[in-house]
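K.L.:
Okay, here's the structure, questions in a sec.
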Amino acid sequence: MNRRLASIGRSVLSVATRAAAFGRRRMVAFGDLWQRSLQFRVTTSTLALSSAVVFVLGVVLQNQIVERLVQTKERAAITQLQVAVRTAESELVGDAGQDDALRNRLSNALKALTSSSVATPNIDSSAAAGAFEPVLVAGDPGDTDGKLIHAGPVEDVPAGLRNYAENNQVALQYHTQGSTYLVAGAPVTTATRPIQLYLLFPMTTEQNTVATVQNTLLVGSAFLLVLLAVITNMVTRQVVLPVRRAAAAAEGFADGDLDRRLDVTGEDDLAKLAVLYNEMAASIQEQIRRLEEFGALQRRFTSDVSHELRTPLTTVRMAADVLYASREQFPSGLARSSELLVDELDRFESLLRDLLEISRLDAGVEELAAESADLRPVVHRAVEQVRVIAGTTGSPIVLELPDEEVTAEFDNRRVERILRNLLANAVDHGEGRPVRLRLAADEHAVAISVRDYGVGLRPGEAELVFNRFWRADPSRNRRTGGTGLGLAISHEDARLHGGWLEAWGEPGQGSCFRLTLPRAVGDTLEHSPIPLPPDPPPAESARQSSQSDGDGEVDRTRAGEDPVAGEEEVR
């Protein structure tokens with residue numbers, strides 16, 4: 001028995017849980033629809049307010065009808081009672097005699113009251129009162145326990161009303177015993193003993209009338225509410241549809257469909273809105289066209305200038321190489337000038353290459369030569385290219401690479417250039433502290449982060465570092481002689497792969513650049529295997545688990561060991 005009760009309890013609990021979950025889902029769906037649809041909100045609000053108004057009006061109207069029916073019934077009942085009292089007095093005048101004779105006289109009077117020959121002076125009142133059932137009771141108020149002499153169903157007369165009638169008062173009372181009656185009572189004046197007359201008026205007609213009124217109000221209210229909902233929905237739709245068309249046109253315009261316009265019909269406010277929107281869209285389209293023409297002209301100018309500079313630069317380079325090769329024959333001042341000339345020519349050539357590269361990227365003519373390969377050799381080649389700079393500045397490069405291969409589809413040249421730019425930037429801003437490069441991968445993406453512990457970035461600068469020729473501190477001397485286009489080109493290279501190049505930094509805490517690429521070209525990135533901001537470095541990690549190759553590069557195989565600014569680095 002206990003097991004059965006427990007099973008029933010679990011079943012009831014399961015049903016209640018499912019019902020609660022279904023209710024929550026319905027509430028969430030209703031909330032979402034309420035937030036998204038203006039038409040639904042207006043229709044629902046109008047329907048709710050209309051329901052409240054219709055309910056109040058229905059209650060008031062029903063109360064008025066019931067009150068009017070009751071008042072009419074009571075007035076007619078009193079009129080009918082007065083006529084019946086006079087008829088009973090005419091039948092019961094004189095000495096009542098013994099109980100049997102009195103009982104017979106009461107029965108005869110009752111027949112006279114119910115016979116059709118009894119006329120009512122006020123026909124309208126009689127009709128309003130309707131049919132009735134008379135009751136005659138003879139006896140003193142103290143005569144109880146079956147000693148009363150009566151004619152008619154005296155048990156249907158409430159005791160409270162009998163007290164009023166026995167005290168020579170006219171009274172009305174509603175009584176329900178199977179059916180509802182309006183009972184009217186009054187004394188009948190006789191020569192011998194007191195007699196009371198009671199008239200029982202059934203309330204069936206009035207109840208049917210009230211039920212008919214209630215049903216009519218319910219049906220009428222339901223029909224009215226449905227009609228209001230339909231009308232409100234139609235009216236709201238006339239306003240919402242143009243707004244939805246405007247929203248769809250604006251969305252298409254934002255997605256690049258600059259020829260998207262709204263249809264103008266009529267001369268109302270919505271038509272004026274459509275006209276203004278079309279004028280605004282045309283103005284924006286014209287501005288965009290001008291900007292595109294200006295951008296194309298600027299890109300063409302950059303490309304043409306870059307190409308035109310190559311020939312004189314080649315000539316200058318040849319002359320500079322001749323001077324540089326003969327610098328030992330020159331005085332010390334001229335020898336130093338030839339060295340500076342070669343250095344600046346190297347920087348100029350680098351700038352020219354970057355300008356040509358950025359112009360090709362802007363023109364959209366660059367193609368991605370992606371192939372599946374291991375990323376670790378690319379990392380080592382990039383580190384090798386900045387080894388001399390890192391050794392000069394005293395910033396060892398800490399590598400944190402996995403033991404197994406990290407394969408992905410990527411363009412070797414572009415990824416290597418990205419890493420070279422990131423490492424050079426970290427060394428230049430690392431203030432002689434270690435630079436950490438970390439490689440990680442998961443099933444869908446690979447990520448490389450370059451972390452330095454130098455000056456860092458101020459709030460808002462993480463979004464600006466990829467702008468062309470932007471520098472965090474223009475007064476700061478650069479060690480690497482960068483062109484100011486490296487990070488911008490790296491950002492475009494990452495975009496060509498369908499990946500992300502992101503930056504993080506805090507003043508005095510250094511900065512971190514994270515490159516995330518999909519493992520297969522064309523896949524969509526959803527996350528990165530390396531967190532950004534990076535994890536804080538543990539203490540004393542610069543002295544632990546590290547081996548140096550003697551040239552400023554440290555291979556660290558245990559993940560999570562970061563160099564700490566200010567500690568002695570292993571080189």
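Quick note on naming: the chains in the structure tokens go A, B, ... in the order shown, residues restart at 1 in each chain, and ligands are numbered from 1 in order of appearance.
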Just want the 8 Å neighbourhood of Glu74 in chain A, counted on only C-alpha atoms, with same-chain residues fewer than 5 positions away dropped. Output as JSON, numbers by chain.

P.N.:
{"A": [129, 172, 182]}

K.L.:
For those residues, write N, CA, C and O atoms to a file as a CSV table (one decimal), in the first residue's frame.

P.N.:
chain,number,residue,atom,x,y,z
A,129,ALA,N,-46.8,40.7,-10.7
A,129,ALA,CA,-46.6,39.8,-9.6
A,129,ALA,C,-46.6,38.4,-10.0
A,129,ALA,O,-45.9,37.5,-9.5
A,172,LEU,N,-42.3,41.4,3.7
A,172,LEU,CA,-41.8,40.6,2.5
A,172,LEU,C,-40.5,39.9,2.9
A,172,LEU,O,-39.7,40.4,3.6
A,182,LEU,N,-40.8,34.7,-3.3
A,182,LEU,CA,-41.0,36.0,-2.6
A,182,LEU,C,-42.3,35.8,-1.7
A,182,LEU,O,-43.4,35.6,-2.3

K.L.:
Within 6 Å of Leu199 in chain A, counting only C-alpha atoms, which residues show up once you throw out same-chain ones fewer than 4 positions away? Write them as a count of residues only, please.

P.N.:
4

K.L.:
Measuring atom to atom with only C-alpha atoms, identify which of A:Val135, A:Arg289, A:Phe469, A:His150 is nearest to Phe201 in chain A.

P.N.:
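Closest candidate: A:Val135.
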
K.L.:
Do a neighbour search on range 436-451 of chain A at 6 Å with only C-alpha atoms, toss out local chain neighbours closer than 6 positions, and write the hits as a list in words.

P.N.:
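That gives Ile397, Val398, Leu399, Glu400, Leu401, Ser511, Cys512, Phe513, Arg514, Leu515, Thr516, Leu517, Pro518, Arg519 and Pro529 of chain A.
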
K.L.:
With a distance cut-off of 12 Å and only C-alpha atoms, select the neighbouring residues of Lys111 in chain A, excluding the residue or stretch itself and same-chain residues fewer than 2 positions from it, and output the selection as number ranges by chain.

P.N.:
A: 84, 87-88, 91, 104-109, 113-118, 133-136, 151-152

K.L.:
Just asking: which residues within range 136-200 of chain A are alpha helix (DSSP H) according to DSSP, as number ranges by chain?

P.N.:
A: 159-166
